[in-house]
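Engineer: Sending over query_11.csv (CSV, C-alpha atoms).
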```csv
chain,number,residue,atom,x,y,z
A,16,MET,CA,0.0,0.0,0.0
A,17,THR,CA,1.2,3.5,-0.7
A,18,PRO,CA,1.7,5.8,2.3
A,19,ASN,CA,-1.7,7.5,1.8
A,20,GLY,CA,-3.7,4.6,0.4
A,21,THR,CA,-4.2,3.6,-3.2
A,22,SER,CA,-7.0,3.3,-5.7
A,23,ALA,CA,-5.7,-0.1,-6.8
A,24,ALA,CA,-7.9,-1.7,-4.2
A,25,THR,CA,-11.0,-0.6,-6.1
A,26,GLU,CA,-10.0,-2.8,-9.0
A,27,ARG,CA,-9.7,-5.9,-7.0
A,28,SER,CA,-13.1,-6.0,-5.5
A,29,ALA,CA,-16.3,-7.0,-7.4
A,30,ALA,CA,-17.7,-3.9,-9.1
A,31,VAL,CA,-20.9,-3.3,-11.0
A,32,ALA,CA,-21.4,-1.3,-14.2
A,33,GLY,CA,-20.5,2.4,-13.9
A,34,GLY,CA,-17.6,1.9,-11.6
A,35,ARG,CA,-19.7,1.1,-8.5
A,36,VAL,CA,-18.4,-1.4,-5.9
A,37,ASP,CA,-21.3,-3.7,-4.9
A,38,TRP,CA,-20.4,-4.3,-1.3
A,39,VAL,CA,-19.8,-0.6,-0.7
A,40,ASP,CA,-23.4,0.1,-1.7
A,41,TYR,CA,-24.7,-2.6,0.5
A,42,ALA,CA,-22.6,-1.3,3.5
A,43,LYS,CA,-23.9,2.2,2.8
A,44,GLY,CA,-27.4,0.9,2.6
A,45,ILE,CA,-27.1,-0.7,6.0
A,46,CYS,CA,-25.7,2.5,7.5
A,47,ILE,CA,-28.3,4.8,6.1
A,48,VAL,CA,-31.1,2.6,7.2
A,49,MET,CA,-29.6,2.5,10.7
A,50,VAL,CA,-29.3,6.3,10.7
A,51,VAL,CA,-33.0,6.7,9.8
A,52,MET,CA,-33.9,4.0,12.4
A,53,MET,CA,-32.0,5.9,15.1
A,54,HIS,CA,-33.8,9.2,14.4
A,55,SER,CA,-37.1,7.5,14.0
A,56,VAL,CA,-37.0,5.3,17.1
A,57,LEU,CA,-35.6,8.0,19.4
A,58,GLY,CA,-38.1,10.5,18.1
A,59,VAL,CA,-41.0,8.2,18.6
A,60,GLU,CA,-39.9,7.2,22.1
A,61,LYS,CA,-39.3,10.9,23.1
A,62,ALA,CA,-42.8,11.9,21.8
A,63,ALA,CA,-44.5,8.9,23.5
A,64,ASP,CA,-42.3,9.0,26.6
A,65,GLN,CA,-41.9,5.2,26.3
A,66,THR,CA,-39.4,2.8,24.9
A,67,GLY,CA,-40.0,-0.2,22.7
A,68,PHE,CA,-38.1,-3.2,21.3
A,69,MET,CA,-36.5,-1.2,18.5
A,70,HIS,CA,-34.6,0.7,21.2
A,71,LEU,CA,-32.4,-2.4,21.7
A,72,VAL,CA,-31.5,-2.4,18.0
A,73,VAL,CA,-30.6,1.3,18.0
A,74,MET,CA,-28.4,0.8,21.1
A,75,PHE,CA,-26.7,-2.2,19.6
A,76,ALA,CA,-25.8,-0.2,16.5
A,77,LYS,CA,-24.7,2.9,18.3
A,78,PRO,CA,-21.0,2.1,18.5
A,79,PHE,CA,-20.5,1.5,14.8
A,80,ARG,CA,-23.4,3.2,12.9
A,81,ILE,CA,-21.6,6.5,12.2
A,82,PRO,CA,-18.0,5.3,12.3
A,83,ASP,CA,-18.7,3.0,9.4
A,84,PHE,CA,-20.4,5.7,7.4
A,85,PHE,CA,-17.3,8.0,7.8
A,86,LEU,CA,-14.9,5.2,7.1
A,87,ILE,CA,-16.6,4.5,3.8
A,88,SER,CA,-16.7,8.2,3.0
A,89,GLY,CA,-12.9,8.3,3.1
A,90,LEU,CA,-12.5,5.0,1.2
A,91,PHE,CA,-12.1,6.5,-2.3
A,92,LEU,CA,-10.4,9.7,-1.3
A,93,SER,CA,-6.9,8.6,-2.6
A,94,VAL,CA,-8.4,8.6,-6.1
A,95,VAL,CA,-9.1,12.3,-6.1
A,96,ILE,CA,-7.0,13.9,-3.4
A,97,ASP,CA,-4.2,14.9,-5.9
A,98,ARG,CA,-6.6,17.0,-8.0
A,99,ASP,CA,-5.9,20.7,-8.1
A,100,TRP,CA,-7.5,22.7,-5.3
A,101,ARG,CA,-10.2,24.3,-7.5
A,102,THR,CA,-11.5,20.9,-8.6
A,103,TYR,CA,-11.1,19.3,-5.2
A,104,PHE,CA,-12.8,22.2,-3.5
A,105,ASP,CA,-15.7,22.0,-6.0
A,106,ARG,CA,-16.2,18.3,-5.6
A,107,LYS,CA,-15.5,18.0,-1.8
A,108,VAL,CA,-16.7,21.3,-0.4
A,109,VAL,CA,-19.0,23.2,-2.6
A,110,HIS,CA,-20.9,20.0,-3.4
A,111,PHE,CA,-21.9,19.4,0.2
A,112,VAL,CA,-22.3,23.1,1.1
A,113,TYR,CA,-24.9,23.4,-1.7
A,114,PHE,CA,-27.0,20.5,-0.2
A,115,TYR,CA,-26.5,21.7,3.3
A,116,VAL,CA,-27.7,25.3,2.6
A,117,LEU,CA,-30.6,24.0,0.5
A,118,TRP,CA,-31.9,21.4,2.9
A,119,VAL,CA,-31.4,23.4,6.1
A,120,THR,CA,-33.5,26.0,4.4
A,121,ILE,CA,-36.2,23.4,3.6
A,122,GLN,CA,-36.1,22.0,7.1
A,123,PHE,CA,-36.5,25.5,8.6
A,124,GLY,CA,-39.4,26.1,6.2
A,125,PHE,CA,-41.3,23.2,7.7
A,126,LYS,CA,-40.2,23.8,11.3
A,127,ALA,CA,-40.4,27.6,11.4
A,128,PRO,CA,-44.1,27.9,12.4
A,129,SER,CA,-43.8,25.7,15.4
A,130,LEU,CA,-40.5,27.4,16.4
A,131,ALA,CA,-42.1,30.8,16.0
A,132,ALA,CA,-45.0,29.8,18.2
A,133,GLU,CA,-42.6,29.0,21.0
A,134,ALA,CA,-40.0,31.7,20.7
A,135,GLY,CA,-41.1,34.2,18.1
A,136,TRP,CA,-40.0,34.9,14.5
A,137,SER,CA,-36.8,36.8,15.5
A,138,GLN,CA,-35.6,33.7,17.3
A,139,VAL,CA,-36.3,31.6,14.1
A,140,GLY,CA,-34.2,34.0,12.1
A,141,PHE,CA,-31.4,33.7,14.7
A,142,LEU,CA,-31.6,29.9,14.7
A,143,TYR,CA,-31.4,29.8,10.9
A,144,LEU,CA,-28.2,32.0,10.9
A,145,GLU,CA,-26.8,29.9,13.7
A,146,SER,CA,-27.3,26.7,11.7
A,147,PHE,CA,-24.3,27.8,9.6
A,148,ILE,CA,-22.1,27.7,12.7
A,149,GLU,CA,-23.9,25.0,14.7
A,150,PRO,CA,-25.1,22.2,12.4
A,151,PHE,CA,-28.8,21.9,12.3
A,152,GLY,CA,-30.8,18.7,13.1
A,153,THR,CA,-29.9,15.6,11.0
A,154,LEU,CA,-27.7,17.5,8.6
A,155,TRP,CA,-24.5,17.6,10.7
A,156,PHE,CA,-23.0,14.7,8.7
A,157,ILE,CA,-22.7,16.7,5.4
A,158,TYR,CA,-21.7,19.8,7.4
A,159,LEU,CA,-18.7,17.9,8.7
A,160,LEU,CA,-17.6,16.0,5.6
A,161,PRO,CA,-16.2,19.0,3.7
A,162,ILE,CA,-14.1,19.8,6.8
A,163,PHE,CA,-12.7,16.3,6.8
A,164,PHE,CA,-11.9,16.5,3.1
A,165,VAL,CA,-10.1,19.8,3.5
A,166,VAL,CA,-8.1,18.8,6.6
A,167,THR,CA,-7.0,15.6,5.0
A,168,LYS,CA,-5.6,17.4,1.9
A,169,LEU,CA,-4.0,20.2,4.0
A,170,THR,CA,-2.1,17.7,6.2
A,171,ARG,CA,-0.7,15.5,3.4
A,172,SER,CA,2.9,16.6,4.2
A,173,ILE,CA,2.5,15.3,7.8
A,174,PRO,CA,3.4,11.7,8.5
A,175,PRO,CA,0.1,9.7,8.2
A,176,LEU,CA,0.8,7.7,11.3
A,177,ALA,CA,1.1,10.9,13.4
A,178,ILE,CA,-2.2,12.2,12.1
A,179,TRP,CA,-3.9,8.9,12.8
A,180,MET,CA,-2.5,8.7,16.3
A,181,PHE,CA,-3.7,12.3,17.0
A,182,ALA,CA,-7.1,11.5,15.5
A,183,ALA,CA,-7.4,8.4,17.7
A,184,ALA,CA,-6.4,10.4,20.8
A,185,LEU,CA,-9.2,12.9,19.9
A,186,GLU,CA,-11.7,10.1,19.8
A,187,THR,CA,-10.8,8.7,23.2
A,188,MET,CA,-11.1,12.2,24.7
A,189,HIS,CA,-14.9,12.2,24.1
A,190,ALA,CA,-15.0,16.0,23.9
A,191,ALA,CA,-18.2,17.6,25.0
A,192,THR,CA,-17.9,21.3,24.3
A,193,GLY,CA,-21.5,21.6,23.2
A,194,TRP,CA,-20.5,22.6,19.6
A,195,THR,CA,-21.4,19.8,17.3
A,196,ALA,CA,-18.7,20.5,14.7
A,197,ILE,CA,-15.9,20.3,17.3
A,198,ASP,CA,-17.3,17.3,19.3
A,199,GLU,CA,-18.1,15.3,16.2
A,200,PHE,CA,-14.8,16.1,14.5
A,201,GLY,CA,-13.0,14.7,17.5
A,202,ALA,CA,-15.2,11.6,17.6
A,203,ARG,CA,-15.3,10.8,13.9
A,204,PHE,CA,-12.2,12.0,12.0
A,205,VAL,CA,-10.2,8.9,12.9
A,206,TYR,CA,-12.6,6.7,11.0
A,207,PHE,CA,-12.7,9.0,7.9
A,208,TYR,CA,-8.9,9.2,7.9
A,209,SER,CA,-8.6,5.4,8.4
A,210,GLY,CA,-10.8,4.8,5.4
A,211,TYR,CA,-8.5,7.0,3.3
A,212,LEU,CA,-5.3,5.7,4.8
A,213,LEU,CA,-6.1,2.0,5.0
A,214,ALA,CA,-8.2,1.6,1.8
A,215,ASP,CA,-6.2,-1.4,0.6
A,216,TYR,CA,-6.7,-3.2,3.9
A,217,VAL,CA,-10.4,-2.6,3.8
A,218,PHE,CA,-10.7,-4.0,0.3
A,219,ALA,CA,-8.5,-6.9,1.3
A,220,LEU,CA,-10.9,-7.6,4.2
A,221,SER,CA,-13.8,-7.6,1.8
A,222,ASP,CA,-12.0,-9.9,-0.6
A,223,ARG,CA,-11.3,-12.4,2.2
A,224,ALA,CA,-14.8,-12.4,3.4
A,225,ARG,CA,-16.0,-13.1,-0.2
A,226,ALA,CA,-13.6,-15.9,-0.5
A,227,HIS,CA,-14.3,-17.5,2.9
A,228,PRO,CA,-18.0,-16.8,3.8
A,229,VAL,CA,-18.2,-19.5,6.5
A,230,LEU,CA,-15.3,-18.0,8.4
A,231,ALA,CA,-16.7,-14.5,7.9
A,232,LEU,CA,-20.0,-15.6,9.4
A,233,ALA,CA,-18.3,-17.0,12.4
A,234,GLY,CA,-16.4,-13.8,12.9
A,235,LEU,CA,-19.7,-11.8,12.6
A,236,ALA,CA,-21.3,-14.0,15.3
A,237,LEU,CA,-18.4,-13.4,17.6
A,238,TRP,CA,-18.4,-9.7,17.0
A,239,ALA,CA,-22.1,-9.5,17.6
A,240,LEU,CA,-21.7,-11.2,21.0
A,241,VAL,CA,-18.9,-8.9,22.1
A,242,ASN,CA,-20.5,-5.7,20.8
A,243,GLY,CA,-23.9,-6.6,22.3
A,244,GLY,CA,-22.3,-7.6,25.6
A,245,LEU,CA,-20.3,-4.4,26.0
A,246,VAL,CA,-23.3,-2.3,25.1
A,247,GLU,CA,-25.5,-4.1,27.6
A,248,LEU,CA,-22.9,-3.8,30.3
A,249,GLY,CA,-22.5,-0.1,29.7
A,250,TYR,CA,-18.9,-0.2,28.7
A,251,SER,CA,-19.3,0.6,25.0
A,252,GLU,CA,-18.6,4.3,25.4
A,253,TRP,CA,-15.5,4.0,27.6
A,254,PRO,CA,-12.3,5.5,26.1
A,255,VAL,CA,-10.4,3.0,23.9
A,256,ILE,CA,-13.3,0.6,24.0
A,257,SER,CA,-15.5,3.0,22.0
A,258,LEU,CA,-12.7,3.3,19.4
A,259,ALA,CA,-12.2,-0.5,19.2
A,260,LEU,CA,-16.0,-1.1,18.8
A,261,GLY,CA,-16.2,1.6,16.2
A,262,PHE,CA,-13.5,-0.1,14.1
A,263,SER,CA,-14.7,-3.7,14.7
A,264,GLY,CA,-18.3,-2.7,13.9
A,265,ALA,CA,-17.2,-0.9,10.7
A,266,CYS,CA,-15.4,-4.1,9.7
A,267,ALA,CA,-18.5,-6.1,10.5
A,268,ILE,CA,-20.7,-4.0,8.3
A,269,ILE,CA,-18.1,-4.3,5.5
A,270,VAL,CA,-18.1,-8.1,5.8
A,271,THR,CA,-21.9,-8.1,6.0
A,272,GLY,CA,-22.1,-6.0,2.9
A,273,THR,CA,-19.7,-8.3,1.1
A,274,LEU,CA,-21.6,-11.4,2.0
A,275,LEU,CA,-24.9,-9.9,0.9
A,276,ALA,CA,-23.3,-8.8,-2.4
A,277,ARG,CA,-21.9,-12.3,-2.9
A,278,MET,CA,-25.3,-13.8,-2.5
A,279,GLN,CA,-27.2,-11.0,-4.1
A,280,TRP,CA,-29.6,-10.9,-1.2
A,281,LEU,CA,-31.6,-7.9,0.2
A,282,ASN,CA,-31.1,-5.8,-2.9
A,283,PHE,CA,-33.2,-3.0,-1.5
A,284,LEU,CA,-30.2,-2.3,0.8
A,285,ARG,CA,-28.0,-2.0,-2.2
A,286,PHE,CA,-30.5,0.4,-3.7
A,287,CYS,CA,-30.6,2.5,-0.5
A,288,GLY,CA,-26.8,2.6,-0.6
A,289,GLU,CA,-26.8,3.8,-4.1
A,290,HIS,CA,-29.1,6.6,-3.1
A,291,SER,CA,-27.9,7.2,0.4
A,292,ILE,CA,-27.6,11.0,-0.1
A,293,VAL,CA,-31.3,11.1,-1.2
A,294,ILE,CA,-32.4,9.3,1.9
A,295,TYR,CA,-30.2,11.3,4.2
A,296,LEU,CA,-31.5,14.6,2.9
A,297,ALA,CA,-35.2,13.9,2.7
A,298,PHE,CA,-36.1,11.3,5.3
A,299,PHE,CA,-36.9,13.9,8.0
A,300,LEU,CA,-40.2,14.8,6.4
A,301,PRO,CA,-41.9,11.4,6.0
A,302,MET,CA,-40.4,10.4,9.3
A,303,ALA,CA,-41.9,13.3,11.2
A,304,ALA,CA,-45.2,13.1,9.4
A,305,SER,CA,-45.7,9.4,10.0
A,306,ARG,CA,-44.6,9.7,13.7
A,307,THR,CA,-47.1,12.4,14.3
A,308,LEU,CA,-49.9,10.6,12.5
A,309,LEU,CA,-49.4,7.3,14.2
A,310,LEU,CA,-49.1,8.6,17.7
A,311,ARG,CA,-52.1,10.9,17.4
A,312,ALA,CA,-54.2,8.1,15.8
A,313,GLY,CA,-53.4,5.7,18.6
A,314,ILE,CA,-54.3,2.7,16.5
A,315,ILE,CA,-51.1,0.9,17.3
A,316,ASN,CA,-50.2,0.8,21.0
A,317,ASP,CA,-46.8,-0.9,20.8
A,318,ILE,CA,-44.1,1.7,20.6
A,319,GLY,CA,-41.6,-0.7,19.0
A,320,THR,CA,-44.0,-1.4,16.2
A,321,VAL,CA,-44.7,2.3,15.7
A,322,SER,CA,-41.0,3.0,15.6
A,323,LEU,CA,-40.4,0.2,13.0
A,324,ILE,CA,-43.2,1.6,10.8
A,325,VAL,CA,-41.8,5.2,11.0
A,326,THR,CA,-38.4,3.9,10.0
A,327,ILE,CA,-39.8,2.1,7.0
A,328,VAL,CA,-41.8,5.2,6.0
A,329,GLY,CA,-38.8,7.4,6.5
A,330,VAL,CA,-36.7,5.4,4.1
A,331,ALA,CA,-39.4,4.7,1.5
A,332,GLY,CA,-40.9,8.2,1.7
A,333,SER,CA,-37.5,9.9,1.0
A,334,LEU,CA,-37.1,7.8,-2.1
A,335,LEU,CA,-40.7,8.7,-3.2
A,336,ILE,CA,-39.9,12.4,-2.7
A,337,TRP,CA,-36.8,11.9,-4.9
A,338,ARG,CA,-38.8,10.2,-7.6
A,339,ALA,CA,-41.5,12.9,-7.4
A,340,ALA,CA,-38.8,15.6,-7.7
A,341,LEU,CA,-37.4,14.0,-10.8
A,342,ALA,CA,-40.9,13.7,-12.3
A,343,LEU,CA,-41.6,17.4,-11.6
A,344,ARG,CA,-38.2,18.4,-12.9
A,345,ALA,CA,-37.1,19.6,-9.5
A,346,ASN,CA,-33.8,17.8,-9.9
A,347,PHE,CA,-32.0,20.7,-8.0
A,348,LEU,CA,-33.2,19.1,-4.8
A,349,PHE,CA,-30.9,16.2,-5.2
A,350,GLU,CA,-28.5,17.2,-8.0
A,351,ARG,CA,-26.3,20.3,-7.9
A,352,PRO,CA,-27.2,22.6,-10.8
A,353,THR,CA,-24.4,23.6,-13.2
A,354,ALA,CA,-24.7,27.2,-11.9
A,355,PHE,CA,-23.3,26.0,-8.6
A,356,TRP,CA,-20.2,24.3,-10.0
A,357,ILE,CA,-16.9,26.2,-9.8
A,358,ALA,CA,-14.9,23.6,-11.8
A,359,PRO,CA,-15.9,22.0,-15.1
A,360,LYS,CA,-18.1,18.9,-14.7
A,361,LYS,CA,-16.6,15.9,-16.4
A,362,ALA,CA,-18.5,12.8,-17.3
A,363,GLY,CA,-17.3,9.5,-15.7
A,364,PRO,CA,-18.1,6.8,-13.2
A,365,VAL,CA,-19.4,8.0,-9.9
A,366,LEU,CA,-17.4,7.0,-6.8
A,367,GLN,CA,-19.7,6.0,-4.0
A,368,ALA,CA,-17.9,8.0,-1.3
A,369,ALA,CA,-18.2,11.2,-3.3
A,370,GLU,CA,-22.0,11.1,-3.6
```
Represent the structure from my file as structure tokens, please.
Structural biologist:
Amino acid sequence: MTPNGTSAATERSAAVAGGRVDWVDYAKGICIVMVVMMHSVLGVEKAADQTGFMHLVVMFAKPFRIPDFFLISGLFLSVVIDRDWRTYFDRKVVHFVYFYVLWVTIQFGFKAPSLAAEAGWSQVGFLYLESFIEPFGTLWFIYLLPIFFVVTKLTRSIPPLAIWMFAAALETMHAATGWTAIDEFGARFVYFYSGYLLADYVFALSDRARAHPVLALAGLALWALVNGGLVELGYSEWPVISLALGFSGACAIIVTGTLLARMQWLNFLRFCGEHSIVIYLAFFLPMAASRTLLLRAGIINDIGTVSLIVTIVGVAGSLLIWRAALALRANFLFERPTAFWIAPKKAGPVLQAAE
């Protein structure tokens, strides 16, 4: 492997037409469904002041749900990091800034009336401006990604091991300043940087899981017992243990995605992975609407079942919004218009981590 990772790994793993890597889409699909599940379940439980069986699933996934997403986000960075700053900035900063500004405005449009009823319209305006400093709601992930991309390119002259050790130390500190950007940077950068730095090893893990599925399944079973046990005992967020569980869980999702791709099972997860940015941006609306409707109707009394339905509606509803946007030619909701490009757009295969 080269000091900063290599793109050669992408050529070794099974890929689909258009330059996509099948297991990466499966892994991203698992992650985005878990993200929607977390927001859906915790939102339902908070509104109902109860907990259901889905709470156990959310807690089991907590140690690795976000680490795996960031690790995969850095996986293909070595392919593009040598681009000139203008192109790099366009693809890795402007791209996400566009979607953040657009969708934070959309979210505020839906939430503004209730916020104004509680604190007045002046406070709504203040909160909107504040969202460009303090990430708003569910959108903190795409707020943080451009920062990771820029920091990684700026620090290329520093020995990678030194950066990795520093990033790992930040994670173990469990910073709690109250500023999401700072706290989440400290907690997540090590996974993003590891995806970039150790891309070859990640693809090698996938290749071994594909070649030895029985051994891979045994490893997954052992991991599930250890992860579940540490979560149940309350040790999963301890320093060092949280880092170990983050990496082991990310590896488990990679192996799971590889096995699903090998067998071509649960293709809906692959589809979700291919459209993870669509789901991430739009799920808040069907999630919130279905939660409110189900809780007010009171037809289903089991909170776990309500949480599961809200999760499904959140995922499916976001995809329906996307399809409706395309049908209505409102592509700008999910595709950055040419007017917002600062570097020429070139045709070519799409890398999953750049979506």
Engineer: Could you name the residues that touch A:Val166 at 12 Å or less, counting all atoms listed in the file, but leaving out those on the same chain fewer than 3 positions away, as a PyMOL selection string?
Structural biologist: chain A and resi 96+104+107-108+159-163+169-173+178+182+200+204-205+207-208
Engineer: Taking only C-alpha atoms into account, name the residue in A:Tyr158, A:Gly234, A:Trp179, A:Phe91 that is nearest to A:Arg35.
Structural biologist: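 The shortest atom-to-atom distance to A:Arg35 comes from A:Phe91.
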Engineer: Separation of atom CA of A:Leu310 and atom CA of A:Phe68, in Å?
Structural biologist: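 It comes out at 16.5 Å.
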Engineer: With a distance cut-off of 12 Å and only C-alpha atoms, select the neighbouring residues of A:Phe283, excluding the residue or stretch itself and same-chain residues fewer than 2 positions from it, and output the selection as a list in words.
Structural biologist: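 Near A:Phe283, the qualifying residues are Asp40, Tyr41, Ala42, Lys43, Gly44, Ile45, Ile47, Val48, Leu275, Ala276, Gln279, Trp280, Leu281, Arg285, Phe286, Cys287, Gly288, Glu289, His290, Ser291, Ile327, Val330, Ala331 and Leu334 of chain A.
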Engineer: Around the point (-29.0, 17.4, -2.3), in the coordinates given by the file, pick out the residues reaching within 8 Å, counting all atoms listed in the file, and return them as an mmCIF file with C-alpha atoms, keeping the file's coordinate frame.
Structural biologist:
```cif
data_model
loop_
_atom_site.group_PDB
_atom_site.id
_atom_site.type_symbol
_atom_site.label_atom_id
_atom_site.label_comp_id
_atom_site.auth_asym_id
_atom_site.auth_seq_id
_atom_site.Cartn_x
_atom_site.Cartn_y
_atom_site.Cartn_z
ATOM 1 C CA PHE A 111 -21.900 19.400 0.200
ATOM 2 C CA TYR A 113 -24.900 23.400 -1.700
ATOM 3 C CA PHE A 114 -27.000 20.500 -0.200
ATOM 4 C CA TYR A 115 -26.500 21.700 3.300
ATOM 5 C CA LEU A 117 -30.600 24.000 0.500
ATOM 6 C CA TRP A 118 -31.900 21.400 2.900
ATOM 7 C CA ILE A 292 -27.600 11.000 -0.100
ATOM 8 C CA VAL A 293 -31.300 11.100 -1.200
ATOM 9 C CA LEU A 296 -31.500 14.600 2.900
ATOM 10 C CA PHE A 347 -32.000 20.700 -8.000
ATOM 11 C CA LEU A 348 -33.200 19.100 -4.800
ATOM 12 C CA PHE A 349 -30.900 16.200 -5.200
ATOM 13 C CA GLU A 350 -28.500 17.200 -8.000
ATOM 14 C CA ARG A 351 -26.300 20.300 -7.900
#
```
Engineer: Using only C-alpha atoms, determine which residues lie at most 7 Å from stretch 243-253 of chain A, disregarding the query and same-chain residues fewer than 3 positions distant; provide the list as a list in words.
Structural biologist: Phe75, Pro78, Ala239, Leu240, Ile256 and Ser257 of chain A
Engineer: What is the distance between atom CA of A:Pro150 and atom CA of A:Ala196, in Å to one decimal?
Structural biologist: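 Distance between the two atoms: 7.0 Å.
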Engineer: Report as a VMD selection string all protein, DNA and RNA residues lying within 12 Å of A:Ala224, evaluated on all atoms listed in the file, omitting residues in the same chain fewer than 3 positions from it.
Structural biologist: chain A and resid 28 38 217 to 221 227 to 235 266 to 277
Engineer: What's the separation between atom CA of A:Lys77 and atom CA of A:Ile157, in Å to one decimal place?
Structural biologist: 19.0 Å
Engineer: Need the neighbours of (-35.9, 25.2, 12.2): which residues are at most 9 Å away, counting all atoms listed in the file, as an NGL selection string?
Structural biologist: :A and (119-130 or 139-140 or 142-143 or 146 or 151-152)
Engineer: Near A:Pro82, within 7 Å and counting all atoms listed in the file, which residues show up once chain neighbours fewer than 4 positions away are dropped, as a ChimeraX atom specification?
Structural biologist: /A:86,203,206,261,265
Engineer: With C-alpha atoms retained, could you export that selection as a compact mmCIF listing (two decimals), in the coordinates of the input?
Structural biologist:
```
# COMPACT_ATOMS: atom_id res chain seq x y z
CA LEU A 86 -14.90 5.20 7.10
CA ARG A 203 -15.30 10.80 13.90
CA TYR A 206 -12.60 6.70 11.00
CA GLY A 261 -16.20 1.60 16.20
CA ALA A 265 -17.20 -0.90 10.70
```
Engineer: So which one's closest to A:Gly89, A:Trp194, A:Trp337, A:Trp136, A:Tyr211? Using only C-alpha atoms, please.
Structural biologist: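 Closest residue, counting only C-alpha atoms: A:Tyr211.
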Engineer: Counting all atoms listed in the file, which residue out of A:Gly67, A:Gly135, A:Pro174, A:Pro254 sits closest to A:Met188?
Structural biologist: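 The shortest atom-to-atom distance to A:Met188 comes from A:Pro254.
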